[in-house]
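Peer 1: Just so it is clear, I am handing over run_25.cif, which has mmCIF, C-alpha atoms and all ligand atoms.
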```
data_work
loop_
_atom_site.label_atom_id
_atom_site.label_comp_id
_atom_site.auth_asym_id
_atom_site.auth_seq_id
_atom_site.Cartn_x
_atom_site.Cartn_y
_atom_site.Cartn_z
CA MET A 2 0.62 19.71 -14.03
CA LYS A 3 3.53 17.31 -14.09
CA ILE A 4 3.15 14.69 -11.38
CA ILE A 5 5.82 12.17 -10.37
CA VAL A 6 4.25 9.06 -8.87
CA THR A 7 6.88 6.84 -7.27
CA GLY A 8 6.21 3.11 -6.87
CA GLY A 9 3.63 3.21 -9.66
CA ALA A 10 4.44 -0.35 -10.74
CA GLY A 11 3.29 -1.69 -7.36
CA PHE A 12 -0.19 -2.47 -6.11
CA ILE A 13 -1.59 0.86 -4.88
CA GLY A 14 0.71 3.04 -7.01
CA GLY A 15 -0.37 1.08 -10.10
CA ASN A 16 -4.05 1.57 -9.34
CA PHE A 17 -3.35 5.26 -8.67
CA VAL A 18 -1.56 5.69 -12.02
CA HIS A 19 -4.56 4.14 -13.84
CA TYR A 20 -6.91 6.47 -11.97
CA MET A 21 -4.88 9.65 -12.62
CA VAL A 22 -4.05 8.96 -16.28
CA ASN A 23 -7.76 8.45 -17.02
CA LYS A 24 -9.12 11.24 -14.85
CA TYR A 25 -6.67 14.03 -15.76
CA PRO A 26 -5.74 13.86 -19.48
CA GLU A 27 -4.30 17.39 -19.20
CA ASP A 28 -1.76 16.32 -16.52
CA MET A 29 1.45 14.39 -17.22
CA ILE A 30 1.90 11.35 -14.98
CA ILE A 31 5.49 10.14 -14.61
CA ASN A 32 5.76 6.73 -12.99
CA LEU A 33 9.15 6.35 -11.29
CA ASP A 34 9.78 2.80 -10.08
CA LEU A 35 12.81 0.61 -9.41
CA LEU A 36 10.93 -2.56 -10.44
CA THR A 37 11.88 -4.59 -7.38
CA TYR A 38 10.23 -8.01 -6.95
CA ALA A 39 7.00 -6.08 -6.16
CA GLY A 40 7.06 -3.87 -9.27
CA ASN A 41 5.38 -5.24 -12.37
CA LEU A 42 5.03 -3.42 -15.68
CA GLU A 43 2.20 -5.79 -16.67
CA THR A 44 0.11 -3.77 -14.19
CA LEU A 45 0.60 -0.70 -16.39
CA LYS A 46 -0.47 -2.30 -19.68
CA PRO A 47 -3.88 -0.54 -19.72
CA VAL A 48 -2.18 2.92 -19.72
CA GLU A 49 1.27 2.32 -21.23
CA ASN A 50 0.45 4.04 -24.53
CA ALA A 51 -1.50 6.96 -23.07
CA PRO A 52 -0.05 10.33 -24.22
CA ASN A 53 -0.09 11.69 -20.64
CA TYR A 54 1.90 8.76 -19.18
CA LYS A 55 5.60 7.99 -19.00
CA PHE A 56 7.55 5.28 -17.14
CA ILE A 57 11.05 5.85 -15.78
CA LYS A 58 13.03 3.10 -14.07
CA GLY A 59 15.03 4.30 -11.07
CA ASP A 60 15.75 4.21 -7.37
CA ILE A 61 14.31 6.88 -5.07
CA ALA A 62 17.34 6.43 -2.79
CA ASP A 63 19.84 7.15 -5.60
CA ARG A 64 20.59 10.83 -4.96
CA ALA A 65 22.49 11.59 -8.16
CA PHE A 66 19.80 9.96 -10.30
CA ILE A 67 16.92 11.69 -8.47
CA PHE A 68 18.48 15.14 -8.70
CA LYS A 69 19.18 14.69 -12.42
CA LEU A 70 15.61 13.56 -12.97
CA PHE A 71 14.16 16.58 -11.12
CA GLU A 72 16.50 18.90 -13.06
CA GLU A 73 15.22 17.46 -16.35
CA GLU A 74 11.53 17.01 -15.53
CA LYS A 75 10.85 19.89 -13.12
CA PRO A 76 7.78 18.21 -11.55
CA ASP A 77 5.01 20.24 -9.90
CA VAL A 78 3.88 17.45 -7.58
CA VAL A 79 5.53 14.33 -6.13
CA ILE A 80 3.43 11.51 -4.65
CA ASN A 81 5.56 8.91 -2.91
CA PHE A 82 4.19 5.35 -2.92
CA ALA A 83 7.58 3.66 -3.41
CA ALA A 84 8.42 1.46 -0.44
CA GLU A 85 9.35 -1.93 0.79
CA SER A 86 5.86 -2.84 2.00
CA HIS A 87 5.70 -6.36 3.40
CA VAL A 88 5.90 -6.80 7.19
CA ASP A 89 7.14 -10.41 6.95
CA ARG A 90 10.03 -9.40 4.67
CA SER A 91 10.92 -6.55 7.06
CA ILE A 92 11.40 -9.12 9.82
CA THR A 93 13.99 -11.02 7.78
CA ASP A 94 15.67 -7.99 6.09
CA PRO A 95 15.11 -4.70 7.98
CA GLU A 96 17.94 -2.80 6.28
CA SER A 97 16.37 -2.64 2.83
CA PHE A 98 13.35 -1.01 4.53
CA VAL A 99 15.52 1.71 6.07
CA ARG A 100 17.18 2.33 2.71
CA THR A 101 14.08 2.71 0.57
CA ASN A 102 11.48 3.88 3.08
CA VAL A 103 13.59 6.35 5.08
CA MET A 104 16.55 7.29 2.88
CA GLY A 105 14.48 7.17 -0.32
CA THR A 106 12.00 9.56 1.27
CA THR A 107 14.66 12.02 2.46
CA THR A 108 16.31 11.95 -0.98
CA LEU A 109 12.99 12.88 -2.60
CA LEU A 110 12.41 15.59 0.01
CA ASP A 111 15.84 17.11 -0.66
CA ALA A 112 15.19 17.13 -4.41
CA CYS A 113 11.77 18.74 -3.82
CA ARG A 114 13.39 21.40 -1.68
CA THR A 115 16.15 22.08 -4.20
CA TYR A 116 13.93 22.28 -7.27
CA GLY A 117 10.82 23.76 -5.61
CA ILE A 118 7.54 21.85 -5.91
CA LYS A 119 3.92 22.76 -5.31
CA ARG A 120 3.19 19.64 -3.25
CA TYR A 121 4.94 16.56 -1.86
CA HIS A 122 2.58 13.84 -0.65
CA GLN A 123 3.72 10.91 1.50
CA VAL A 124 1.65 7.73 1.27
CA SER A 125 1.88 6.26 4.75
CA THR A 126 0.11 3.62 6.79
CA ASP A 127 -2.00 3.21 9.92
CA GLU A 128 0.67 0.73 11.09
CA VAL A 129 2.70 3.70 12.39
CA TYR A 130 0.20 3.90 15.28
CA GLY A 131 1.01 0.34 16.43
CA ASP A 132 -1.97 -1.80 17.35
CA LEU A 133 -5.17 -1.70 19.40
CA PRO A 134 -6.35 -4.37 21.87
CA LEU A 135 -8.90 -6.90 20.59
CA ASP A 136 -11.26 -6.31 23.54
CA ARG A 137 -11.65 -2.52 23.02
CA PRO A 138 -13.82 -2.10 19.87
CA ASP A 139 -14.47 1.50 20.99
CA LEU A 140 -10.84 2.55 20.26
CA PHE A 141 -9.71 3.91 16.85
CA PHE A 142 -6.58 5.57 15.44
CA THR A 143 -6.94 9.33 15.02
CA GLU A 144 -4.30 11.66 13.56
CA GLU A 145 -3.31 12.48 17.17
CA THR A 146 -2.69 8.87 18.22
CA PRO A 147 1.00 8.61 19.25
CA LEU A 148 3.36 6.72 16.96
CA HIS A 149 4.05 3.31 18.53
CA THR A 150 5.40 0.97 15.89
CA SER A 151 5.84 -2.80 16.15
CA SER A 152 7.66 -4.03 13.03
CA PRO A 153 10.74 -2.87 11.12
CA TYR A 154 8.31 -2.00 8.29
CA SER A 155 6.10 0.27 10.38
CA SER A 156 9.15 1.80 12.10
CA SER A 157 10.66 2.73 8.74
CA LYS A 158 7.33 4.27 7.61
CA ALA A 159 7.04 6.26 10.88
CA GLY A 160 10.62 7.49 10.45
CA ALA A 161 9.80 8.66 6.93
CA ASP A 162 6.63 10.46 8.14
CA LEU A 163 8.64 12.35 10.75
CA PHE A 164 11.14 13.52 8.12
CA VAL A 165 8.30 14.67 5.85
CA LEU A 166 6.72 16.71 8.66
CA ALA A 167 10.11 18.06 9.74
CA TYR A 168 10.78 19.32 6.19
CA HIS A 169 7.54 21.28 6.41
CA ARG A 170 8.34 22.78 9.80
CA THR A 171 12.04 23.44 9.13
CA TYR A 172 12.13 24.37 5.44
CA GLY A 173 8.48 25.23 4.73
CA LEU A 174 8.17 22.40 2.18
CA PRO A 175 4.48 22.05 1.14
CA VAL A 176 3.80 18.49 2.30
CA THR A 177 0.84 16.31 3.21
CA VAL A 178 0.80 12.82 4.74
CA SER A 179 -1.94 10.17 4.51
CA ARG A 180 -2.18 7.09 6.72
CA CYS A 181 -4.41 4.41 5.29
CA SER A 182 -5.65 1.07 6.57
CA ASN A 183 -5.08 -2.26 4.72
CA ASN A 184 -5.91 -2.07 0.99
CA TYR A 185 -7.17 -4.83 -1.29
CA GLY A 186 -8.26 -5.00 -4.92
CA PRO A 187 -6.80 -5.62 -8.42
CA TYR A 188 -3.04 -6.02 -8.96
CA HIS A 189 -2.33 -6.89 -5.30
CA PHE A 190 0.87 -8.94 -5.05
CA PRO A 191 0.07 -12.49 -3.88
CA GLU A 192 2.37 -12.38 -0.83
CA LYS A 193 -0.31 -10.34 1.00
CA LEU A 194 -3.24 -12.02 2.74
CA ILE A 195 -6.21 -11.51 0.36
CA PRO A 196 -4.52 -12.26 -3.01
CA LEU A 197 -2.55 -15.08 -1.37
CA ILE A 198 -5.74 -16.75 -0.16
CA ILE A 199 -7.58 -16.25 -3.47
CA SER A 200 -4.74 -17.58 -5.63
CA ARG A 201 -3.92 -20.54 -3.37
CA ALA A 202 -7.58 -21.49 -2.85
CA LEU A 203 -8.10 -21.49 -6.63
CA ASN A 204 -5.17 -23.95 -6.85
CA ASN A 205 -6.60 -26.04 -3.95
CA GLU A 206 -3.46 -25.34 -1.87
CA GLU A 207 -3.22 -25.02 1.94
CA LEU A 208 -3.97 -21.53 3.27
CA PRO A 209 -1.56 -20.30 5.97
CA VAL A 210 -3.40 -18.41 8.74
CA TYR A 211 -1.11 -16.96 11.40
CA GLY A 212 -1.86 -17.88 15.03
CA LYS A 213 -5.58 -18.38 15.56
CA GLY A 214 -6.65 -15.96 12.80
CA GLU A 215 -8.07 -13.56 15.42
CA ASN A 216 -6.11 -10.46 14.38
CA VAL A 217 -8.25 -7.68 12.96
CA ARG A 218 -7.56 -5.50 9.93
CA ASP A 219 -9.63 -2.56 8.61
CA TRP A 220 -9.96 -3.23 4.85
CA LEU A 221 -10.29 -0.48 2.22
CA TYR A 222 -10.88 -1.08 -1.49
CA VAL A 223 -7.87 0.34 -3.33
CA THR A 224 -9.69 2.86 -5.58
CA ASP A 225 -11.24 4.46 -2.49
CA HIS A 226 -7.68 5.03 -1.25
CA CYS A 227 -6.65 6.47 -4.65
CA LYS A 228 -9.56 8.94 -4.61
CA ALA A 229 -8.65 10.03 -1.07
CA ILE A 230 -5.02 10.73 -2.06
CA ASP A 231 -6.11 12.73 -5.11
CA LEU A 232 -8.39 14.80 -2.88
CA ILE A 233 -5.70 15.41 -0.26
CA VAL A 234 -3.14 16.47 -2.88
CA ARG A 235 -5.62 18.94 -4.46
CA LYS A 236 -7.53 20.19 -1.41
CA GLY A 237 -5.75 19.03 1.75
CA LYS A 238 -4.04 21.52 4.05
CA VAL A 239 -0.26 21.73 3.83
CA GLY A 240 1.54 20.28 6.87
CA GLU A 241 -1.44 18.06 7.77
CA ILE A 242 -1.91 14.33 8.27
CA TYR A 243 -5.10 12.59 7.06
CA ASN A 244 -6.18 9.11 8.18
CA ILE A 245 -7.99 7.04 5.52
CA GLY A 246 -10.27 4.10 6.31
CA GLY A 247 -13.87 2.99 5.94
CA HIS A 248 -14.77 1.04 9.12
CA ASN A 249 -14.53 -2.40 7.52
CA GLU A 250 -12.99 -4.44 10.30
CA ARG A 251 -12.69 -8.20 9.89
CA THR A 252 -10.68 -10.91 11.65
CA ASN A 253 -8.27 -12.70 9.34
CA LEU A 254 -10.30 -15.88 9.74
CA GLU A 255 -13.47 -14.05 8.64
CA VAL A 256 -11.65 -12.78 5.55
CA VAL A 257 -10.39 -16.25 4.65
CA LYS A 258 -13.79 -17.88 5.19
CA THR A 259 -15.54 -15.19 3.10
CA ILE A 260 -13.17 -15.90 0.19
CA LEU A 261 -13.57 -19.68 0.51
CA LYS A 262 -17.36 -19.36 0.49
CA ALA A 263 -17.34 -17.12 -2.59
CA LEU A 264 -15.04 -19.57 -4.43
CA ASN A 265 -17.00 -22.58 -3.21
CA LYS A 266 -13.86 -24.11 -1.67
CA PRO A 267 -13.71 -26.13 1.60
CA GLU A 268 -12.58 -24.64 4.93
CA SER A 269 -10.39 -27.73 5.34
CA LEU A 270 -7.80 -25.87 3.19
CA ILE A 271 -7.12 -23.57 6.17
CA LYS A 272 -3.88 -24.37 8.00
CA PHE A 273 -3.11 -22.51 11.24
CA VAL A 274 0.64 -21.80 11.26
CA THR A 275 3.17 -20.25 13.68
CA ASP A 276 2.29 -16.64 14.38
CA ARG A 277 4.21 -13.67 12.95
CA PRO A 278 6.63 -12.31 15.63
CA GLY A 279 5.28 -9.05 17.14
CA HIS A 280 2.00 -9.52 15.22
CA ASP A 281 -0.19 -6.40 15.55
CA ARG A 282 -3.58 -7.34 17.01
CA ARG A 283 -6.02 -4.80 15.59
CA TYR A 284 -5.91 -1.80 13.25
CA ALA A 285 -8.92 0.51 13.05
CA ILE A 286 -9.08 3.99 11.53
CA ASP A 287 -11.18 6.95 12.60
CA PRO A 288 -11.68 8.78 9.25
CA THR A 289 -13.64 11.76 10.71
CA LYS A 290 -11.06 14.36 9.62
CA ILE A 291 -10.94 13.46 5.92
CA GLU A 292 -14.72 12.99 5.84
CA THR A 293 -15.55 16.33 7.42
CA GLU A 294 -12.71 18.51 6.02
CA LEU A 295 -12.53 17.09 2.49
CA GLY A 296 -15.90 15.34 2.05
CA TRP A 297 -14.31 11.94 1.28
CA LYS A 298 -16.50 8.85 1.56
CA PRO A 299 -15.57 5.34 0.41
CA GLU A 300 -17.64 3.84 -2.39
CA TYR A 301 -17.12 0.20 -1.36
CA THR A 302 -17.85 -1.77 1.79
CA PHE A 303 -15.85 -4.93 2.42
CA ASP A 304 -18.77 -7.02 1.18
CA THR A 305 -18.97 -5.23 -2.19
CA GLY A 306 -15.21 -4.76 -2.62
CA ILE A 307 -14.30 -8.38 -1.95
CA VAL A 308 -16.73 -9.63 -4.62
CA LYS A 309 -15.19 -7.22 -7.15
CA THR A 310 -11.69 -8.30 -6.12
CA ILE A 311 -12.40 -12.03 -6.41
CA ASP A 312 -13.94 -11.44 -9.86
CA TRP A 313 -10.80 -9.59 -10.92
CA TYR A 314 -8.53 -12.46 -9.83
CA LEU A 315 -10.77 -14.95 -11.64
CA ASN A 316 -10.68 -12.88 -14.84
CA ASN A 317 -6.96 -11.99 -14.70
CA LYS A 318 -5.30 -15.30 -13.89
CA GLU A 319 -2.48 -14.55 -16.30
CA TRP A 320 -1.40 -11.53 -14.23
CA TRP A 321 -0.95 -13.44 -10.97
CA GLU A 322 0.11 -16.76 -12.51
CA HIS A 323 3.12 -15.01 -14.08
CA ILE A 324 4.15 -13.81 -10.62
CA ILE A 325 3.58 -17.12 -8.89
CA SER A 326 5.60 -19.01 -11.47
CA GLY A 327 8.69 -16.80 -10.99
CA GLU A 328 10.78 -15.33 -8.20
CA TYR A 329 7.87 -15.47 -5.78
CA THR A 330 7.90 -19.28 -5.66
CA LYS A 331 11.35 -19.22 -4.03
CA TYR A 332 10.20 -16.61 -1.50
CA PHE A 333 7.15 -18.66 -0.61
CA GLU A 334 9.25 -21.78 0.04
CA ASN A 335 11.65 -19.82 2.29
CA MET A 336 8.86 -18.10 4.22
CA TYR A 337 6.48 -21.02 4.67
CA GLY A 338 8.57 -24.14 3.90
CA GLU A 339 8.61 -25.45 7.46
CA ARG A 340 5.26 -24.01 8.48
CA LEU A 341 3.02 -25.73 5.95
P1 LIG B 401 4.04 -2.61 -3.27
O1 LIG B 401 5.10 -3.38 -2.53
O2 LIG B 401 3.00 -3.36 -4.03
O3 LIG B 401 4.73 -1.61 -4.31
C1 LIG B 401 5.88 -0.88 -3.99
C2 LIG B 401 6.48 -0.36 -5.31
O4 LIG B 401 7.62 0.45 -4.97
C3 LIG B 401 6.97 -1.47 -6.24
O5 LIG B 401 6.53 -1.22 -7.56
C4 LIG B 401 8.50 -1.38 -6.15
O6 LIG B 401 9.15 -1.76 -7.35
C5 LIG B 401 8.69 0.11 -5.86
N1 LIG B 401 9.95 0.38 -5.15
C6 LIG B 401 10.47 -0.28 -4.10
N2 LIG B 401 11.66 0.25 -3.75
C7 LIG B 401 11.89 1.29 -4.61
C8 LIG B 401 12.92 2.23 -4.75
N3 LIG B 401 14.00 2.22 -3.94
N4 LIG B 401 12.83 3.17 -5.72
C9 LIG B 401 11.76 3.19 -6.56
N5 LIG B 401 10.74 2.30 -6.49
C10 LIG B 401 10.80 1.36 -5.51
O7 LIG B 401 3.39 -1.66 -2.18
P2 LIG B 401 1.86 -1.16 -2.02
O8 LIG B 401 1.11 -2.15 -1.25
O9 LIG B 401 1.37 -0.71 -3.34
O10 LIG B 401 2.08 0.10 -1.08
C11 LIG B 401 2.36 1.40 -1.65
C12 LIG B 401 2.54 2.40 -0.54
O11 LIG B 401 1.35 2.44 0.26
C13 LIG B 401 3.67 2.05 0.43
O12 LIG B 401 4.34 3.25 0.76
C14 LIG B 401 2.97 1.46 1.63
O13 LIG B 401 3.71 1.69 2.81
C15 LIG B 401 1.66 2.24 1.63
N6 LIG B 401 0.49 1.55 2.21
C16 LIG B 401 0.16 0.28 1.81
C17 LIG B 401 -0.98 -0.32 2.33
C18 LIG B 401 -1.41 -1.69 1.87
O14 LIG B 401 -2.39 -2.24 2.41
N7 LIG B 401 -0.78 -2.30 0.89
C19 LIG B 401 -1.78 0.36 3.27
C20 LIG B 401 -1.40 1.65 3.66
C21 LIG B 401 -0.27 2.24 3.11
P1 LIG B 402 -0.68 -8.66 5.29
O1 LIG B 402 -1.49 -8.81 4.06
O2 LIG B 402 0.73 -9.12 5.28
O3 LIG B 402 -0.81 -7.12 5.75
P2 LIG B 402 -0.35 -6.41 7.15
O4 LIG B 402 0.55 -7.31 7.90
O5 LIG B 402 0.35 -5.20 6.67
O6 LIG B 402 -1.63 -6.12 7.89
O7 LIG B 402 -1.43 -9.45 6.45
C1 LIG B 402 -2.77 -9.16 6.81
C2 LIG B 402 -3.10 -10.01 8.02
O8 LIG B 402 -3.13 -11.39 7.62
C3 LIG B 402 -2.07 -9.93 9.13
O9 LIG B 402 -2.75 -9.98 10.39
C4 LIG B 402 -1.21 -11.16 8.95
C5 LIG B 402 -2.18 -12.16 8.38
N1 LIG B 402 -1.60 -13.16 7.45
C6 LIG B 402 -1.88 -14.52 7.62
O10 LIG B 402 -2.58 -14.93 8.56
N2 LIG B 402 -1.34 -15.41 6.72
C7 LIG B 402 -0.55 -15.00 5.69
O11 LIG B 402 -0.07 -15.86 4.93
C8 LIG B 402 -0.30 -13.60 5.51
C9 LIG B 402 0.56 -13.10 4.37
C10 LIG B 402 -0.85 -12.71 6.41
#
```
Please go through the file and, once you have read it, give me the structure as C-alpha cells.
Ligand code: NAD
Ligand code: TYD
Peer 2:
Amino acid sequence: MKIIVTGGAGFIGGNFVHYMVNKYPEDMIINLDLLTYAGNLETLKPVENAPNYKFIKGDIADRAFIFKLFEEEKPDVVINFAAESHVDRSITDPESFVRTNVMGTTTLLDACRTYGIKRYHQVSTDEVYGDLPLDRPDLFFTEETPLHTSSPYSSSKAGADLFVLAYHRTYGLPVTVSRCSNNYGPYHFPEKLIPLIISRALNNEELPVYGKGENVRDWLYVTDHCKAIDLIVRKGKVGEIYNIGGHNERTNLEVVKTILKALNKPESLIKFVTDRPGHDRRYAIDPTKIETELGWKPEYTFDTGIVKTIDWYLNNKEWWEHIISGEYTKYFENMYGERL
C-alpha cells in the first residue's frame, strides 16, 4: 500500500511515521509536510534512509500542488495529521487555522474523491466537544457528545471533521475520524505544556501555569495514539468516529509537580500567570467504542509514560535545544514577555 501521511514532520505525525515505517516494510510511507515552525526534519532522522519512506515538502491547502501529487503518486490511503495545532497561537492568528485545518482538509478530500482512495483518515481532537465542568467527574466525551468548541483551533478542527463526514454521506468517500485526548511523548514541540515544563525546568527557568493550574487534561502517550490510528485505518468502519483516550486525567498543577519531582527541581519555579482566554476546564474521553469494537488498549498509564518522556528529553537535549535556540525564542517572548 502507498500511504500519504500529512504533517509527518510534527509531533504525532513524526511518531506515526516512525511506527509505520518500522511496522510495515512492505508499505510505502510518503510524508507530506509544509515544514512550518512546528515541522522538523530532525524528527525523521531515524527513518530518513529507509527504503519504504519518502519526504515531500508541500502545502495541503495548495490545490494545484496536491492534485499533481495525487496524479503522480496515486496513494491508496491518506492520513491527515497536518494542522495548525496550538490553541494559544489560534487566539492570536485564527485565519491560518482556517486555511490549513479547514481548507487544507477539503483540498485533500477533493483530491481523494478525484483520484479514488481506499481510505481517508482524519486525525481530530477531543477539543471539538468543548469542555466538561470540574465538579462532574462522572461525565466523559462519547462519540455522540455534541460539538461545542471554545477556541479558534477547536472550531477549525470541528469544521474539518464535518467536511470529512459530509464527503462520506454526499460522495461515498471511505473516511474515518478519530478524536484523541492530549498526547505527550518524544518529539513534542516545547510550546506545549509537558515539553515546555521539562525543558524550562532543566534550565532552571520560571514555569508559566495558567490561572490556578486547576484545568484537567486526559493524557495519552503518543505511541498509544499511533497504534489506535493504525487500527482504525485497517479495521475501523467507514463513516465512523472513534474517540481515543486512556483515562489519565491530571490537573495541570499535578502534571507540573510530577515533572519537577522527577527532575529533582524546586516547586518555587512555578509561576501562576494570566489565564488563557476561554480556557477549557476539563477534557475526558470515554474510549468504550474503540476498546470494544477494535480491541484497542493503551500500553502506558500517565505514570509510566511520563517517566519515559522525561528520559527521552534528558537523552535528546540536542533535538529540543535546536528548537529553543531558534524561531521559538521570539515566539516565547511575544507570548509570555509580560506574563513572566
Ligand atoms: P504539530 O503542530 O506538532 O505538527 C503539525 C505538522 O503539520 C507540522 O509538521 C507542520 O509543519 C505541518 N503542517 C502545518 N500546516 C501544514 C500545511 N498547510 N501543509 C502541510 N503540512 C502542514 O501537531 P501535532 O501535535 O503533531 O498534532 C497532529 C494532529 O493531531 C493535528 O491534526 C492535531 O489537531 C491532532 N491532535 C493533536 C493532539 C495533541 O495533543 N497534540 C491531540 C489530539 C489531536
Ligand atoms: P497545551 O499543551 O497547550 O494543550 P491544550 O491547550 O491543547 O490542552 O496545554 C495543556 C494545558 O496546560 C492547558 O490547560 C493549558 C495549560 N498550559 C499552562 O498552564 N501553561 C503553559 O505554558 C501552556 C503552554 C499550557
Peer 1: Give one line per residue of chain A that approaches ligand LIG 402 (chain B) to at most 9 Å, naming the two atoms of the closest pair and their distance in Å to one decimal, counting only C-alpha atoms and all ligand atoms; sort by chain then ascending residue number and deliver it as CSV.
Peer 2:
```
residue,atom,partner,partner_atom,distance
A:Ser86,CA,B:LIG402,O5,7.6
A:His87,CA,B:LIG402,O2,6.0
A:Val88,CA,B:LIG402,O4,5.4
A:Asp89,CA,B:LIG402,O2,6.7
A:Thr126,CA,B:LIG402,O5,8.8
A:Glu128,CA,B:LIG402,O5,7.4
A:Tyr154,CA,B:LIG402,O5,8.7
A:Ser155,CA,B:LIG402,O5,8.8
A:Ser182,CA,B:LIG402,O6,8.3
A:Asn183,CA,B:LIG402,O6,6.1
A:Asn184,CA,B:LIG402,O3,8.6
A:Tyr185,CA,B:LIG402,O1,8.8
A:Pro191,CA,B:LIG402,C9,8.3
A:Glu192,CA,B:LIG402,C9,5.6
A:Lys193,CA,B:LIG402,O1,3.6
A:Leu194,CA,B:LIG402,O1,3.9
A:Ile195,CA,B:LIG402,O1,6.6
A:Pro196,CA,B:LIG402,O1,8.4
A:Leu197,CA,B:LIG402,O11,6.8
A:Ile198,CA,B:LIG402,O11,7.7
A:Leu208,CA,B:LIG402,O11,7.1
A:Pro209,CA,B:LIG402,O11,4.8
A:Val210,CA,B:LIG402,O10,3.6
A:Tyr211,CA,B:LIG402,O10,3.8
A:Gly212,CA,B:LIG402,O10,7.1
A:Lys213,CA,B:LIG402,O10,8.4
A:Gly214,CA,B:LIG402,O10,6.0
A:Glu215,CA,B:LIG402,O9,8.1
A:Asn216,CA,B:LIG402,O9,5.2
A:Val217,CA,B:LIG402,O9,6.5
A:Arg218,CA,B:LIG402,O6,6.3
A:Asp219,CA,B:LIG402,O6,8.8
A:Thr252,CA,B:LIG402,O9,8.1
A:Asn253,CA,B:LIG402,O8,5.6
A:Leu254,CA,B:LIG402,O10,7.9
A:Val256,CA,B:LIG402,O8,8.9
A:Val257,CA,B:LIG402,O10,8.8
A:Phe273,CA,B:LIG402,O10,8.1
A:Val274,CA,B:LIG402,O10,8.1
A:Asp276,CA,B:LIG402,O10,7.8
A:Arg277,CA,B:LIG402,C4,7.2
A:His280,CA,B:LIG402,O9,6.8
A:Asp281,CA,B:LIG402,O9,6.8
A:Arg282,CA,B:LIG402,O9,7.2
A:Arg283,CA,B:LIG402,O9,8.0
A:Tyr284,CA,B:LIG402,O6,8.1
A:Tyr337,CA,B:LIG402,O11,8.3
```
Peer 1: So, counting only C-alpha atoms and all ligand atoms, which residue among A:Gly15, A:Pro138, A:Gly131, A:Gly117 is closest to ligand LIG 401 (chain B)?
Peer 2: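 Using only C-alpha atoms and all ligand atoms, ligand LIG 401 (chain B) sits closest to A:Gly15.
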Peer 1: Of the residues A:Thr7, A:Asn204, A:Ser152, A:Asn16, which is the one nearest to Cys227 in chain A, using all atoms listed in the file?
Peer 2: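 Going through A:Thr7, A:Asn204, A:Ser152, A:Asn16 one by one, the smallest distance to Cys227 in chain A is for A:Asn16.
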Peer 1: Using all atoms listed in the file, find each residue with an atom at most 7 Å away from ligand LIG 401 (chain B) and format the answer as number ranges by chain.
Peer 2: A: 7-14, 33-41, 59-62, 81-87, 101, 105, 124-127, 158, 180-185, 189-190
Peer 1: My list of candidates is A:Leu261, A:Val176, A:Ile271, A:Leu203. Which is closest to Ile242 in chain A when distances are computed with only C-alpha atoms?
Peer 2: A:Val176
Peer 1: Tell me, in Å to one decimal, how far CA of Gly237 in chain A is from CA of Ile5 in chain A.
Peer 2: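 Here the two named atoms are 18.1 Å from each other.
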Peer 1: Return as AutoDock Vina command-line options the box centre and box size in Å, one decimal, for an axis-aligned box around all listed atoms of range 174-186 of chain A padded by 8 Å per side.
Peer 2:
```
--center_x 0.0 --center_y 8.7 --center_z 0.9 --size_x 32.4 --size_y 43.4 --size_z 27.6
```
Peer 1: Work out how far apart CA of Thr259 in chain A and CA of Pro187 in chain A are and give it in Å to one decimal.
Peer 2: 17.3 Å
Peer 1: Which value, in Å to one decimal, gives the distance between CA of Pro299 in chain A and CA of Gly247 in chain A?
Peer 2: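 The value is 6.2 Å.
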Peer 1: Could you list, as a list of chain:residue names, every residue within 8 Å of Glu206 in chain A, counting all atoms listed in the file and ignoring same-chain residues fewer than 4 positions away?
Peer 2: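 These residues fall inside the cut-off: A:Arg201, A:Ala202, A:Leu270.
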Peer 1: For Leu163 in chain A, please output as a PyMOL selection string all residues within 12 Å (counting only C-alpha atoms; exclusion window: fewer than 5 positions along the same chain).
Peer 2: chain A and resi 102-103+106-107+110+123+125+129+148+156-158+168-171+176-178+240-242
Peer 1: Choose the residue, out of A:Thr289, A:Asp28, A:Gly173, A:Gly338, that has the smallest atom-to-atom separation from Lys55 in chain A; count all atoms listed in the file.
Peer 2: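 So, comparing all the options, the nearest one is A:Asp28.
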Peer 1: Counting only C-alpha atoms, what is within 7 Å of Lys290 in chain A, bar same-chain residues fewer than 3 positions away, as a list in words?
Peer 2: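 After dropping sequence-adjacent residues, the list is Tyr243, Thr293 and Glu294 of chain A.
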